[in-house]
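Chemist: Enclosed is the structure file upload23.cif (mmCIF, C-alpha atoms and all ligand atoms).
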data_model
loop_
_atom_site.label_atom_id
_atom_site.label_comp_id
_atom_site.auth_asym_id
_atom_site.auth_seq_id
_atom_site.Cartn_x
_atom_site.Cartn_y
_atom_site.Cartn_z
CA MET A 1 -24.69 38.45 -22.22
CA PRO A 2 -23.33 38.21 -25.76
CA PRO A 3 -25.89 38.59 -28.55
CA ALA A 4 -27.66 35.36 -29.57
CA ALA A 5 -28.75 34.25 -33.04
CA THR A 6 -32.35 35.21 -33.89
CA SER A 7 -32.88 33.65 -37.30
CA TRP A 8 -36.06 32.07 -35.83
CA LEU A 9 -37.64 35.49 -35.27
CA THR A 10 -40.23 35.66 -38.04
CA LEU A 11 -43.95 36.37 -38.05
CA ASP A 12 -44.57 34.05 -41.02
CA HIS A 13 -46.12 31.29 -38.91
CA VAL A 14 -46.99 32.49 -35.40
CA TRP A 15 -50.14 34.46 -34.63
CA LEU A 16 -49.72 36.86 -31.71
CA PRO A 17 -52.33 37.70 -29.03
CA TYR A 18 -54.41 40.91 -29.29
CA THR A 19 -52.26 41.93 -32.26
CA GLN A 20 -52.92 43.42 -35.69
CA MET A 21 -50.51 41.18 -37.56
CA ALA A 22 -50.44 43.46 -40.62
CA THR A 23 -48.91 46.39 -38.78
CA THR A 24 -47.23 45.04 -35.66
CA PRO A 25 -43.53 45.64 -35.21
CA PRO A 26 -41.64 42.40 -34.56
CA PRO A 27 -41.77 41.27 -30.93
CA LEU A 28 -38.62 41.39 -28.81
CA ALA A 29 -36.54 38.21 -28.93
CA VAL A 30 -36.21 36.72 -25.43
CA VAL A 31 -33.52 34.19 -24.59
CA GLY A 32 -33.92 33.95 -20.81
CA ALA A 33 -35.46 35.40 -17.68
CA SER A 34 -34.44 35.32 -14.05
CA GLY A 35 -35.53 37.22 -10.98
CA SER A 36 -37.13 40.43 -12.20
CA ARG A 37 -35.16 40.55 -15.47
CA ILE A 38 -36.04 39.51 -18.99
CA GLU A 39 -32.94 38.79 -21.09
CA LEU A 40 -33.08 39.77 -24.76
CA ALA A 41 -31.21 38.22 -27.67
CA ASP A 42 -29.25 41.44 -28.28
CA GLY A 43 -27.61 41.00 -24.87
CA SER A 44 -29.66 43.65 -23.06
CA THR A 45 -32.11 43.09 -20.21
CA LEU A 46 -35.48 44.60 -19.29
CA ILE A 47 -36.73 45.05 -15.71
CA ASP A 48 -40.14 43.41 -15.69
CA GLY A 49 -42.94 45.63 -14.41
CA ILE A 50 -45.84 43.26 -15.05
CA ALA A 51 -44.56 39.77 -14.16
CA SER A 52 -45.74 38.17 -17.40
CA TRP A 53 -49.41 39.06 -17.06
CA TRP A 54 -49.17 38.95 -13.22
CA THR A 55 -48.03 35.32 -13.03
CA ALA A 56 -44.34 35.40 -12.02
CA CYS A 57 -44.95 36.32 -8.39
CA HIS A 58 -41.64 34.84 -7.16
CA GLY A 59 -39.67 36.24 -10.10
CA TYR A 60 -38.54 34.15 -13.06
CA ASN A 61 -36.68 30.88 -12.90
CA HIS A 62 -36.95 30.42 -9.13
CA PRO A 63 -34.63 27.53 -8.18
CA HIS A 64 -37.14 25.90 -5.82
CA ILE A 65 -39.88 25.71 -8.48
CA ARG A 66 -37.39 24.64 -11.12
CA ALA A 67 -36.12 21.81 -8.92
CA ALA A 68 -39.65 20.60 -8.14
CA VAL A 69 -40.59 20.55 -11.84
CA ALA A 70 -37.31 18.80 -12.77
CA ALA A 71 -37.90 16.10 -10.12
CA GLN A 72 -41.46 15.59 -11.38
CA LEU A 73 -40.18 15.38 -14.96
CA ASP A 74 -38.01 12.44 -13.91
CA THR A 75 -40.94 10.47 -12.49
CA LEU A 76 -44.24 11.40 -14.15
CA PRO A 77 -44.56 14.34 -16.58
CA HIS A 78 -48.17 13.51 -17.38
CA VAL A 79 -50.92 10.96 -17.00
CA MET A 80 -54.65 11.33 -17.60
CA PHE A 81 -56.75 12.29 -14.57
CA ALA A 82 -59.81 10.10 -15.19
CA GLY A 83 -59.63 6.85 -13.23
CA LEU A 84 -56.01 7.66 -12.34
CA ALA A 85 -54.62 10.05 -9.75
CA HIS A 86 -51.21 11.23 -8.60
CA GLU A 87 -49.66 12.76 -5.52
CA PRO A 88 -48.96 16.31 -6.83
CA ALA A 89 -52.64 16.91 -7.69
CA CYS A 90 -54.10 15.42 -4.50
CA THR A 91 -51.58 17.28 -2.34
CA LEU A 92 -52.26 20.55 -4.18
CA ALA A 93 -56.05 20.17 -3.82
CA ALA A 94 -55.68 19.57 -0.08
CA ARG A 95 -53.32 22.53 0.33
CA LEU A 96 -55.67 24.86 -1.55
CA ALA A 97 -58.56 23.68 0.63
CA ALA A 98 -56.52 24.52 3.74
CA LEU A 99 -55.54 27.99 2.45
CA LEU A 100 -58.85 29.13 0.97
CA PRO A 101 -61.47 30.79 3.18
CA GLY A 102 -64.45 28.85 4.52
CA ASP A 103 -65.17 25.42 3.09
CA LEU A 104 -63.97 26.08 -0.45
CA SER A 105 -62.48 22.60 -0.48
CA HIS A 106 -63.21 20.72 -3.72
CA ALA A 107 -60.79 21.58 -6.54
CA PHE A 108 -61.48 20.90 -10.22
CA PHE A 109 -58.27 21.43 -12.20
CA SER A 110 -57.91 22.76 -15.74
CA GLU A 111 -55.18 24.49 -17.72
CA SER A 112 -56.16 28.12 -18.13
CA GLY A 113 -58.07 30.89 -16.43
CA SER A 114 -60.75 31.17 -19.12
CA VAL A 115 -61.44 27.45 -18.82
CA ALA A 116 -61.63 27.73 -15.01
CA VAL A 117 -64.33 30.39 -15.55
CA GLU A 118 -66.19 28.21 -18.09
CA ILE A 119 -66.16 25.42 -15.51
CA ALA A 120 -67.47 27.70 -12.75
CA LEU A 121 -70.32 28.91 -15.02
CA LYS A 122 -71.25 25.32 -15.94
CA MET A 123 -71.08 24.24 -12.30
CA ALA A 124 -73.36 27.11 -11.27
CA VAL A 125 -75.96 26.30 -13.92
CA GLN A 126 -75.88 22.55 -13.18
CA PHE A 127 -75.99 23.16 -9.41
CA TRP A 128 -79.53 24.45 -9.89
CA ARG A 129 -80.48 21.96 -12.61
CA ASN A 130 -79.57 19.06 -10.31
CA GLN A 131 -82.15 20.51 -7.93
CA GLY A 132 -84.83 20.80 -10.60
CA GLN A 133 -84.40 24.52 -11.36
CA ASP A 134 -83.60 25.94 -14.79
CA ARG A 135 -81.39 28.92 -14.07
CA HIS A 136 -79.08 29.72 -16.94
CA ARG A 137 -78.17 33.39 -16.67
CA ILE A 138 -75.27 35.05 -14.90
CA ILE A 139 -75.04 38.56 -13.47
CA ALA A 140 -71.68 40.20 -14.20
CA PHE A 141 -70.29 43.70 -13.63
CA HIS A 142 -69.38 46.57 -15.91
CA HIS A 143 -65.59 46.75 -16.44
CA GLY A 144 -65.26 43.06 -15.54
CA TYR A 145 -62.98 40.72 -17.47
CA HIS A 146 -63.22 36.94 -17.16
CA GLY A 147 -61.41 35.51 -20.17
CA ASP A 148 -61.48 35.14 -23.96
CA THR A 149 -63.43 31.89 -24.53
CA LEU A 150 -67.09 32.34 -25.48
CA GLY A 151 -68.61 31.60 -22.06
CA ALA A 152 -66.05 33.71 -20.20
CA LEU A 153 -66.51 36.41 -22.83
CA SER A 154 -70.27 36.43 -22.19
CA VAL A 155 -69.62 37.68 -18.65
CA THR A 156 -66.89 40.15 -19.71
CA ASP A 157 -68.09 43.75 -20.11
CA PRO A 158 -69.29 44.14 -23.73
CA ALA A 159 -67.80 47.65 -23.76
CA SER A 160 -64.31 46.26 -23.11
CA GLY A 161 -63.57 45.74 -26.81
CA PHE A 162 -62.63 42.10 -26.22
CA HIS A 163 -65.66 40.70 -28.00
CA ASP A 164 -67.05 43.21 -30.46
CA ALA A 165 -67.32 40.59 -33.21
CA PHE A 166 -69.13 37.88 -31.26
CA ALA A 167 -72.49 39.28 -30.20
CA GLY A 168 -74.46 36.51 -31.91
CA TYR A 169 -72.30 33.71 -30.56
CA ARG A 170 -72.22 34.32 -26.87
CA ALA A 171 -74.84 33.83 -24.17
CA VAL A 172 -76.71 37.00 -23.24
CA GLN A 173 -76.00 37.81 -19.60
CA ILE A 174 -77.10 40.57 -17.24
CA PHE A 175 -74.67 43.42 -16.49
CA ALA A 176 -74.77 45.56 -13.36
CA GLU A 177 -72.81 48.41 -11.82
CA LEU A 178 -70.59 47.34 -8.95
CA PRO A 179 -72.85 48.22 -6.00
CA ARG A 180 -70.72 50.88 -4.29
CA THR A 181 -73.21 53.65 -3.57
CA LEU A 182 -76.58 53.35 -1.83
CA ALA A 183 -78.36 53.89 -5.14
CA GLU A 184 -76.26 51.23 -6.89
CA ARG A 185 -76.95 48.85 -4.01
CA ALA A 186 -80.69 49.36 -4.25
CA GLU A 187 -80.50 48.81 -8.02
CA PHE A 188 -78.45 45.62 -7.61
CA GLU A 189 -80.91 44.32 -5.05
CA ARG A 190 -83.78 45.08 -7.41
CA LEU A 191 -82.01 43.27 -10.27
CA LEU A 192 -81.48 40.17 -8.13
CA ALA A 193 -85.09 40.19 -6.95
CA ALA A 194 -86.38 40.53 -10.51
CA HIS A 195 -84.16 37.82 -12.02
CA ARG A 196 -83.46 35.38 -9.16
CA HIS A 197 -85.48 32.58 -10.76
CA GLU A 198 -83.36 32.60 -13.91
CA VAL A 199 -80.00 33.66 -12.44
CA ALA A 200 -77.58 30.89 -11.46
CA ALA A 201 -74.79 33.08 -10.15
CA VAL A 202 -73.15 36.47 -9.84
CA ILE A 203 -69.51 36.62 -10.97
CA VAL A 204 -67.06 39.20 -9.63
CA GLU A 205 -63.33 39.91 -9.56
CA PRO A 206 -62.93 40.63 -5.83
CA LEU A 207 -61.40 44.05 -4.97
CA VAL A 208 -59.63 44.60 -8.31
CA GLN A 209 -61.11 44.44 -11.81
CA GLY A 210 -57.98 43.64 -13.80
CA ALA A 211 -58.00 43.67 -17.61
CA GLY A 212 -61.06 45.96 -17.54
CA GLY A 213 -58.81 48.80 -16.34
CA MET A 214 -57.33 47.94 -12.90
CA ARG A 215 -60.28 49.43 -11.04
CA PHE A 216 -60.51 48.97 -7.29
CA HIS A 217 -63.46 48.55 -4.95
CA ASP A 218 -63.54 47.98 -1.22
CA ALA A 219 -64.24 44.96 0.96
CA ALA A 220 -67.59 46.45 2.03
CA THR A 221 -68.80 46.38 -1.60
CA LEU A 222 -67.75 42.75 -1.85
CA ALA A 223 -69.49 41.94 1.45
CA PHE A 224 -72.64 43.62 0.15
CA ILE A 225 -72.56 41.48 -3.01
CA ARG A 226 -72.16 38.33 -0.90
CA ALA A 227 -75.03 39.29 1.41
CA ALA A 228 -77.30 40.19 -1.51
CA CYS A 229 -76.58 36.83 -3.19
CA ASP A 230 -77.47 35.11 0.10
CA ARG A 231 -80.72 37.07 0.45
CA HIS A 232 -81.83 36.01 -3.03
CA ASP A 233 -80.29 32.51 -2.96
CA VAL A 234 -78.00 33.05 -5.95
CA LEU A 235 -74.47 31.58 -6.10
CA LEU A 236 -71.42 33.86 -6.01
CA ILE A 237 -68.40 33.09 -8.21
CA ALA A 238 -65.16 34.87 -7.25
CA ASP A 239 -62.77 35.19 -10.20
CA GLU A 240 -59.43 35.48 -8.36
CA ILE A 241 -57.40 34.56 -11.43
CA MET A 242 -55.60 37.89 -11.17
CA THR A 243 -56.00 38.73 -7.47
CA GLY A 244 -55.22 35.28 -6.04
CA PHE A 245 -51.88 34.51 -4.37
CA GLY A 246 -50.99 37.79 -2.78
CA ARG A 247 -51.40 40.40 -5.52
CA THR A 248 -53.70 42.61 -3.39
CA GLY A 249 -51.69 42.12 -0.19
CA ARG A 250 -53.76 39.23 1.19
CA LEU A 251 -53.30 35.69 -0.07
CA PHE A 252 -56.82 35.92 -1.56
CA ALA A 253 -58.75 39.15 -2.14
CA CYS A 254 -61.89 37.46 -0.76
CA GLN A 255 -60.27 37.56 2.66
CA GLY A 256 -60.88 41.31 2.71
CA ASP A 257 -59.49 43.31 5.61
CA ALA A 258 -59.32 42.49 9.30
CA GLY A 259 -61.83 39.67 9.34
CA ALA A 260 -64.22 41.40 6.90
CA GLY A 261 -63.78 38.71 4.26
CA ILE A 262 -66.33 36.70 2.34
CA VAL A 263 -66.61 33.08 1.23
CA PRO A 264 -67.76 32.72 -2.39
CA ASP A 265 -69.51 29.52 -3.52
CA LEU A 266 -66.96 29.00 -6.29
CA ILE A 267 -63.52 30.49 -6.77
CA CYS A 268 -61.39 30.53 -9.94
CA LEU A 269 -57.60 30.49 -9.62
CA SER A 270 -54.85 30.49 -12.24
CA LYS A 271 -52.21 33.12 -13.21
CA ALA A 272 -49.87 32.98 -10.14
CA LEU A 273 -50.95 29.46 -9.13
CA THR A 274 -47.72 27.92 -10.48
CA GLY A 275 -45.63 31.00 -9.80
CA GLY A 276 -45.86 31.75 -13.51
CA THR A 277 -44.05 28.65 -14.72
CA LEU A 278 -46.65 26.30 -16.20
CA PRO A 279 -50.29 26.58 -17.25
CA LEU A 280 -52.69 25.44 -14.54
CA ALA A 281 -56.03 26.59 -13.16
CA ALA A 282 -58.44 25.45 -10.49
CA THR A 283 -62.15 25.99 -9.93
CA VAL A 284 -62.74 25.34 -6.24
CA ALA A 285 -66.24 24.70 -4.86
CA THR A 286 -67.73 24.77 -1.39
CA THR A 287 -69.17 21.60 0.09
CA ARG A 288 -72.71 22.87 -0.59
CA VAL A 289 -71.97 23.18 -4.32
CA PHE A 290 -70.02 19.91 -4.45
CA ASP A 291 -72.79 18.01 -2.67
CA ALA A 292 -75.37 19.05 -5.29
CA PHE A 293 -73.49 16.88 -7.79
CA ARG A 294 -73.30 13.82 -5.49
CA SER A 295 -76.33 11.58 -5.86
CA ALA A 296 -77.45 8.16 -7.04
CA ARG A 297 -78.13 9.62 -10.52
CA THR A 298 -75.24 9.51 -13.02
CA GLU A 299 -76.62 12.55 -14.84
CA ASP A 300 -76.02 14.69 -11.75
CA ALA A 301 -72.24 14.27 -12.25
CA PHE A 302 -70.20 17.14 -13.67
CA MET A 303 -69.50 16.24 -17.30
CA HIS A 304 -66.23 18.04 -17.96
CA GLY A 305 -62.64 16.82 -18.25
CA PRO A 306 -59.81 18.72 -19.91
CA THR A 307 -57.27 16.35 -21.49
CA PHE A 308 -54.36 17.83 -19.58
CA MET A 309 -56.34 18.30 -16.36
CA ALA A 310 -54.14 18.32 -13.23
CA ASN A 311 -50.92 17.94 -15.24
CA PRO A 312 -48.36 16.63 -12.71
CA LEU A 313 -45.59 19.05 -13.77
CA ALA A 314 -47.91 22.01 -13.29
CA CYS A 315 -49.19 20.68 -9.96
CA ALA A 316 -45.60 20.16 -8.76
CA ALA A 317 -44.84 23.76 -9.72
CA ALA A 318 -47.93 24.97 -7.84
CA ASN A 319 -46.96 23.00 -4.72
CA ALA A 320 -43.47 24.51 -4.88
CA SER A 321 -44.99 27.98 -5.29
CA LEU A 322 -47.11 27.42 -2.16
CA ASP A 323 -43.92 26.32 -0.32
CA LEU A 324 -42.43 29.71 -1.17
CA PHE A 325 -45.48 31.55 0.18
CA GLU A 326 -44.96 29.57 3.42
CA ARG A 327 -41.19 30.01 3.67
CA GLU A 328 -40.58 33.50 2.33
CA PRO A 329 -42.17 36.79 3.43
CA ARG A 330 -44.18 37.34 0.26
CA LEU A 331 -47.05 39.30 1.79
CA GLN A 332 -44.62 41.61 3.62
CA GLN A 333 -42.86 42.13 0.29
CA VAL A 334 -46.20 43.07 -1.27
CA ALA A 335 -46.81 45.57 1.55
CA ALA A 336 -43.37 47.11 0.94
CA ILE A 337 -44.02 47.33 -2.81
CA GLU A 338 -47.38 48.99 -2.09
CA GLY A 339 -45.72 51.62 0.13
CA GLN A 340 -42.93 52.35 -2.34
CA MET A 341 -45.26 52.56 -5.35
CA HIS A 342 -47.57 54.84 -3.41
CA THR A 343 -44.73 57.25 -2.60
CA GLU A 344 -43.11 57.14 -6.03
CA LEU A 345 -46.21 57.17 -8.28
CA GLU A 346 -48.17 59.79 -6.31
CA PRO A 347 -46.24 62.74 -7.91
CA CYS A 348 -47.72 61.68 -11.30
CA ARG A 349 -51.06 62.99 -10.07
CA GLU A 350 -49.83 66.56 -10.74
CA LEU A 351 -48.83 65.84 -14.36
CA PRO A 352 -50.97 67.11 -17.25
CA GLY A 353 -53.35 64.49 -18.63
CA VAL A 354 -53.30 62.31 -15.50
CA LEU A 355 -56.79 61.48 -14.22
CA ASP A 356 -55.94 59.24 -11.28
CA VAL A 357 -53.13 57.49 -9.44
CA ARG A 358 -54.02 54.45 -7.34
CA VAL A 359 -52.17 51.64 -5.63
CA SER A 360 -53.47 48.45 -4.06
CA GLY A 361 -51.05 45.75 -2.96
CA ALA A 362 -48.53 45.12 -5.72
CA ILE A 363 -50.65 46.92 -8.34
CA GLY A 364 -49.86 50.56 -9.18
CA VAL A 365 -51.95 52.46 -11.72
CA VAL A 366 -51.65 55.83 -13.47
CA GLN A 367 -54.85 56.55 -15.36
CA LEU A 368 -54.61 58.92 -18.34
CA ALA A 369 -56.96 61.13 -20.34
CA THR A 370 -56.57 58.94 -23.46
CA THR A 371 -57.71 55.51 -24.57
CA GLU A 372 -54.48 54.94 -26.45
CA ALA A 373 -52.05 54.38 -23.60
CA SER A 374 -50.79 51.35 -25.55
CA THR A 375 -48.90 53.75 -27.85
CA LEU A 376 -46.55 54.42 -24.91
CA ARG A 377 -45.18 50.85 -24.92
CA PRO A 378 -42.01 51.54 -26.99
CA ALA A 379 -41.00 54.40 -24.68
CA PHE A 380 -40.72 51.92 -21.81
CA VAL A 381 -38.53 49.50 -23.75
CA GLU A 382 -36.26 52.46 -24.60
CA ARG A 383 -35.85 52.97 -20.85
CA GLY A 384 -34.93 49.32 -20.26
CA VAL A 385 -38.19 48.30 -18.59
CA TRP A 386 -41.08 46.03 -19.60
CA VAL A 387 -44.38 47.82 -19.00
CA ARG A 388 -47.46 47.26 -21.13
CA PRO A 389 -50.00 50.10 -20.91
CA PHE A 390 -53.48 49.40 -22.30
CA GLY A 391 -56.75 51.31 -22.60
CA ASP A 392 -56.37 54.42 -20.46
CA ILE A 393 -53.84 53.09 -17.96
CA VAL A 394 -50.14 52.66 -17.37
CA TYR A 395 -49.75 50.12 -14.59
CA LEU A 396 -47.16 48.15 -12.68
CA ALA A 397 -47.67 44.65 -11.25
CA PRO A 398 -44.11 43.47 -10.65
CA PRO A 399 -42.82 40.20 -9.20
CA PHE A 400 -43.12 40.31 -5.38
CA THR A 401 -39.37 39.62 -5.12
CA ILE A 402 -38.35 42.76 -7.02
CA GLY A 403 -35.59 44.81 -5.37
CA ARG A 404 -36.12 48.38 -4.17
CA ASP A 405 -33.82 49.82 -6.83
CA ASP A 406 -35.44 47.94 -9.69
CA LEU A 407 -38.87 49.05 -8.52
CA ALA A 408 -37.62 52.65 -8.31
CA THR A 409 -36.40 52.33 -11.92
CA LEU A 410 -39.89 51.17 -12.91
CA THR A 411 -41.75 53.94 -11.10
CA SER A 412 -39.45 56.66 -12.45
CA ALA A 413 -39.87 55.25 -15.97
CA VAL A 414 -43.66 55.51 -15.50
CA CYS A 415 -43.39 59.12 -14.27
CA ASP A 416 -40.98 60.10 -17.09
CA VAL A 417 -43.01 58.50 -19.88
CA VAL A 418 -46.26 59.98 -18.59
CA ARG A 419 -44.62 63.44 -18.24
CA ASP A 420 -43.25 63.29 -21.80
CA TRP A 421 -46.63 62.19 -23.12
CA GLY A 422 -48.40 65.02 -21.27
CA ARG A 423 -46.04 67.59 -22.81
CA THR A 424 -46.58 66.46 -26.39
CA ARG A 425 -50.28 65.73 -26.46
CA GLY A 426 -52.32 68.15 -28.53
C1 LIG A 501 -56.32 36.49 -17.07
C2 LIG A 501 -57.68 36.40 -16.50
C3 LIG A 501 -58.61 35.45 -16.97
C4 LIG A 501 -58.31 34.53 -18.13
O1 LIG A 501 -57.24 33.66 -17.88
P1 LIG A 501 -56.48 32.98 -19.11
O2 LIG A 501 -55.50 32.06 -18.45
O3 LIG A 501 -55.85 34.07 -19.89
O4 LIG A 501 -57.50 32.23 -19.91
C5 LIG A 501 -59.84 35.41 -16.36
N1 LIG A 501 -60.16 36.23 -15.35
C6 LIG A 501 -59.30 37.14 -14.87
C7 LIG A 501 -59.70 38.01 -13.73
C8 LIG A 501 -58.03 37.27 -15.44
O5 LIG A 501 -57.19 38.20 -14.98
#
When written as structure tokens, how does the structure in this file appear?
Ligand SMILES: *Cc1c(COP(=O)(O)O)cnc(C)c1O
Modeler:
Amino acid sequence: MPPAATSWLTLDHVWLPYTQMATTPPPLAVVGASGSRIELADGSTLIDGIASWWTACHGYNHPHIRAAVAAQLDTLPHVMFAGLAHEPACTLAARLAALLPGDLSHAFFSESGSVAVEIALKMAVQFWRNQGQDRHRIIAFHHGYHGDTLGALSVTDPASGFHDAFAGYRAVQIFAELPRTLAERAEFERLLAAHRHEVAAVIVEPLVQGAGGMRFHDAATLAFIRAACDRHDVLLIADEIMTGFGRTGRLFACQGDAGAGIVPDLICLSKALTGGTLPLAATVATTRVFDAFRSARTEDAFMHGPTFMANPLACAAANASLDLFEREPRLQQVAAIEGQMHTELEPCRELPGVLDVRVSGAIGVVQLATTEASTLRPAFVERGVWVRPFGDIVYLAPPFTIGRDDLATLTSAVCDVVRDWGRTRG
């Protein structure tokens, strides 16, 4: 592509995410994206290793999603969702109900992951209130991440650095170790027993804790959490905003392995819900949870309603994304990506400064003996790839449609950058 004009590229008026605006270099000017490539204004392209924060599962600019959104744009770009309904939202809710495990079958739509978590927390608290119980605390896990709004932040690990400045503003929750070992399980059980009368729910990112460092746990740990919540009659919220829609190799991480899945009481979905094209989220409840809000009393209703709730364009994109999961072999592609990343990242384990190499589904992680992995970002751009290390990890989470060669370019960039870093560190 020929270079494009970039006179608009100024930091005078935009405020960037997670960025020290005083010192940041200017961001890269993007003029397009298709498949696994991001096209820059200078005419070059980057192979995308992280699918725009794990959203673009079918690659960018997929013609089927684009056509569905364009058709929806011609008929109904938006209408409010109170007292009015439209086909894309009702169809999407029914399709999610059919795909999700168990009777997770009542979808409440919003427009971002953090808001979907806020909604789940409010639903959990009100579930008990509607039954005459005041339970207002949530148990969350160390290394968990659930979003940047104050409620979601309250259940995000305080050590994560996401909310150092907000201690006095957020609800005080209870944090636990993920119950992997026998000792951790006994401790988790004890915590539930001690706090069950004030705890509305436990919240967990099933199988993979994402922004807290791409840490994995197994389906048995998840099953233990579910069983413990049942024993103490506490709700379980599954935050599948990152893991949902195939990222771990199953459509939903809750499904576990070979029939060893769990059914949470509430599940939060967003990121890949629209295939990475438009903002949309859903908080989906089981019939038991939903029924606790149905009564003759108006005050039992759930008092929440985002202005752009169930936006028709976003719902049309999500329906088109689900079509692609039906028609194209996405989960096989994830399995192939997993195998290739395993083979190609494993040699990093021998490099100086590497603490761990792990792969699960279409997530590949090289963990380093530093907390400043973010300083490696420019080295990836120099190699023509878009990879965004943070904390102590360099990770890949590419579009599921990425070609073998492009993925090989990504994995060798990771190995090269990590090797160079290991040589120069003091
Ligand atoms: C990204 C993410 C969120 C927050 O979603 P936003 O759309 O950024 O508000 C919450 N939970 C998990 C697990 C996430 O990965």
Chemist: Between CA of His146 (chain A) and CA of Asp233 (chain A), what is the distance in Å, rounded to a tenth?
Modeler: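 Taking CA of His146 (chain A) as the start and CA of Asp233 (chain A) as the end point, the length is 22.6 Å.
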Chemist: Which chains and residue numbers are within 9 Å of ligand LIG 501 (chain A), counting all atoms listed in the file, if I want them as a PyMOL selection string?
Modeler: chain A and resi 53-54+111-117+144-149+152+156+204-206+208-212+239-243+268-271+279-281
Chemist: May I ask which of the residues A:Leu278, A:Ala5, A:Leu273, A:Leu28 is the closest one to Leu313 (chain A), counting all atoms listed in the file?
Modeler: A:Leu278
Chemist: Restricting the calculation to all atoms listed in the file, which member of A:Arg288, A:Arg388, A:His58, A:Arg196 is positioned closest to Ile139 (chain A)?
Modeler: A:Arg196
Chemist: Using all atoms listed in the file, can you tell me which of A:Thr6, A:Glu198, A:Pro179, A:Ala260 comes closest to Ala219 (chain A)?
Modeler: A:Ala260
Chemist: One number please: CA of Thr19 (chain A) to CA of Leu376 (chain A), in Å, one decimal.
Modeler: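 Separation between CA of Thr19 (chain A) and CA of Leu376 (chain A): 15.6 Å.
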Chemist: Between CA of Cys315 (chain A) and CA of Ala107 (chain A), measure the distance and give it in Å to one decimal.
Modeler: 12.1 Å
Chemist: Go through A:Glu299, A:Ser110, A:Leu191, A:Arg425 and flag the residue nearest Ala89 (chain A), using only C-alpha atoms for the distances.
Modeler: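 Using only C-alpha atoms, Ala89 (chain A) sits closest to A:Ser110.
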Chemist: Applying 7 Å and only C-alpha atoms, which residues near Ile65 (chain A) remain after dropping the ones on its own chain fewer than 6 positions away? List them as a list in words.
Modeler: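 Those residues are Ala317, Ala320 and Ser321 of chain A.
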Chemist: Kindly provide, as a short mmCIF file (atom, residue, chain, number, x, y, z; two decimals) with C-alpha atoms, keeping the file's coordinate frame, the polymer residues lying within 7 Å of (-39.0, 37.4, -35.9), counting all atoms listed in the file and using the coordinates exactly as they appear in the file.
Modeler:
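What ended up in selection.cif:
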data_model
loop_
_atom_site.label_atom_id
_atom_site.label_comp_id
_atom_site.auth_asym_id
_atom_site.auth_seq_id
_atom_site.Cartn_x
_atom_site.Cartn_y
_atom_site.Cartn_z
CA TRP A 8 -36.06 32.07 -35.83
CA LEU A 9 -37.64 35.49 -35.27
CA THR A 10 -40.23 35.66 -38.04
CA LEU A 11 -43.95 36.37 -38.05
CA PRO A 26 -41.64 42.40 -34.56
CA PRO A 27 -41.77 41.27 -30.93
#
Chemist: Using only C-alpha atoms, which residues sit within 7 Å of Pro101 (chain A) once same-chain residues fewer than 2 positions away are excluded, as JSON, numbers by chain?
Modeler: {"A": [99, 103, 104, 255, 263]}
Chemist: Would you pick out the contacts of Thr75 (chain A) at 12 Å or less, using all atoms listed in the file, so that residues sharing its chain but fewer than 3 positions from it are not included, and give the list as a PyMOL selection string?
Modeler: chain A and resi 68-72+78-79+86-88+312-313+316
Chemist: Out of A:Thr286, A:Thr91, A:Thr277, A:Thr370, which residue has the shortest atom-to-atom distance to Ile237 (chain A) when counting all atoms listed in the file?
Modeler: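 For Ile237 (chain A), the nearest of the candidates is A:Thr286.
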Chemist: List every protein, DNA or RNA residue with an atom no more than 6 Å from (-59.1, 51.4, -27.2) in the file's coordinates, counting only C-alpha atoms, and format the result as a PyMOL selection string.
Modeler: chain A and resi 371-372+391
Chemist: Choose the residue, out of A:Gly102, A:Gly249, A:Pro158, A:Gly276, that has the smallest atom-to-atom separation from Pro264 (chain A); count all atoms listed in the file.
Modeler: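 Looking only at the distances to Pro264 (chain A), the closest residue turns out to be A:Gly102.
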Chemist: How close does region 194-293 of chain A get to region 330-348 of chain A? List, as JSON lines, each residue of region 194-293 of chain A within 9 Å, its nearest atom pair and the distance in Å to one decimal, counting only C-alpha atoms.
Modeler:
{"residue": "A:Gly246", "atom": "CA", "partner": "A:Leu331", "partner_atom": "CA", "distance": 6.2}
{"residue": "A:Arg247", "atom": "CA", "partner": "A:Val334", "partner_atom": "CA", "distance": 7.2}
{"residue": "A:Thr248", "atom": "CA", "partner": "A:Val334", "partner_atom": "CA", "distance": 7.8}
{"residue": "A:Gly249", "atom": "CA", "partner": "A:Val334", "partner_atom": "CA", "distance": 5.7}
{"residue": "A:Arg250", "atom": "CA", "partner": "A:Leu331", "partner_atom": "CA", "distance": 6.7}
{"residue": "A:Leu251", "atom": "CA", "partner": "A:Leu331", "partner_atom": "CA", "distance": 7.5}
Chemist: If you count all atoms listed in the file, which residues fall within 9 Å of Gly403 (chain A), apart from same-chain ones fewer than 4 positions away, as a ChimeraX atom specification?
Modeler: /A:36,407-408
Chemist: Taking 4 positions as the minimum chain separation for residues in the same chain, which residues sit within 8 Å of Leu46 (chain A) when counting only C-alpha atoms? Answer as a list in words.
Modeler: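 Here the qualifying residues turn out to be Arg37, Ile38, Glu39, Leu40, Val381, Gly384, Val385 and Trp386 of chain A.
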Chemist: Edge lengths and centre, in Å to one decimal, as AutoDock Vina command-line options: that's what I need for the box along x, y and z that holds all listed atoms of region 233-251 of chain A plus 4 Å on each side.
Modeler:
--center_x -65.6 --center_y 37.1 --center_z -5.1 --size_x 37.3 --size_y 19.0 --size_z 20.6
Chemist: From the structure just shown, export region 67-71 of chain A with C-alpha atoms as a JSON list (two decimals), in the first residue's frame.
Modeler:
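Heads up, here's the output in decode_15.json:
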[["chain", "number", "residue", "atom", "x", "y", "z"],
["A", 67, "ALA", "CA", -22.19, -8.06, 5.22],
["A", 68, "ALA", "CA", -24.41, -8.77, 8.24],
["A", 69, "VAL", "CA", -23.57, -5.41, 9.82],
["A", 70, "ALA", "CA", -24.08, -3.57, 6.51],
["A", 71, "ALA", "CA", -27.51, -5.20, 6.04]]
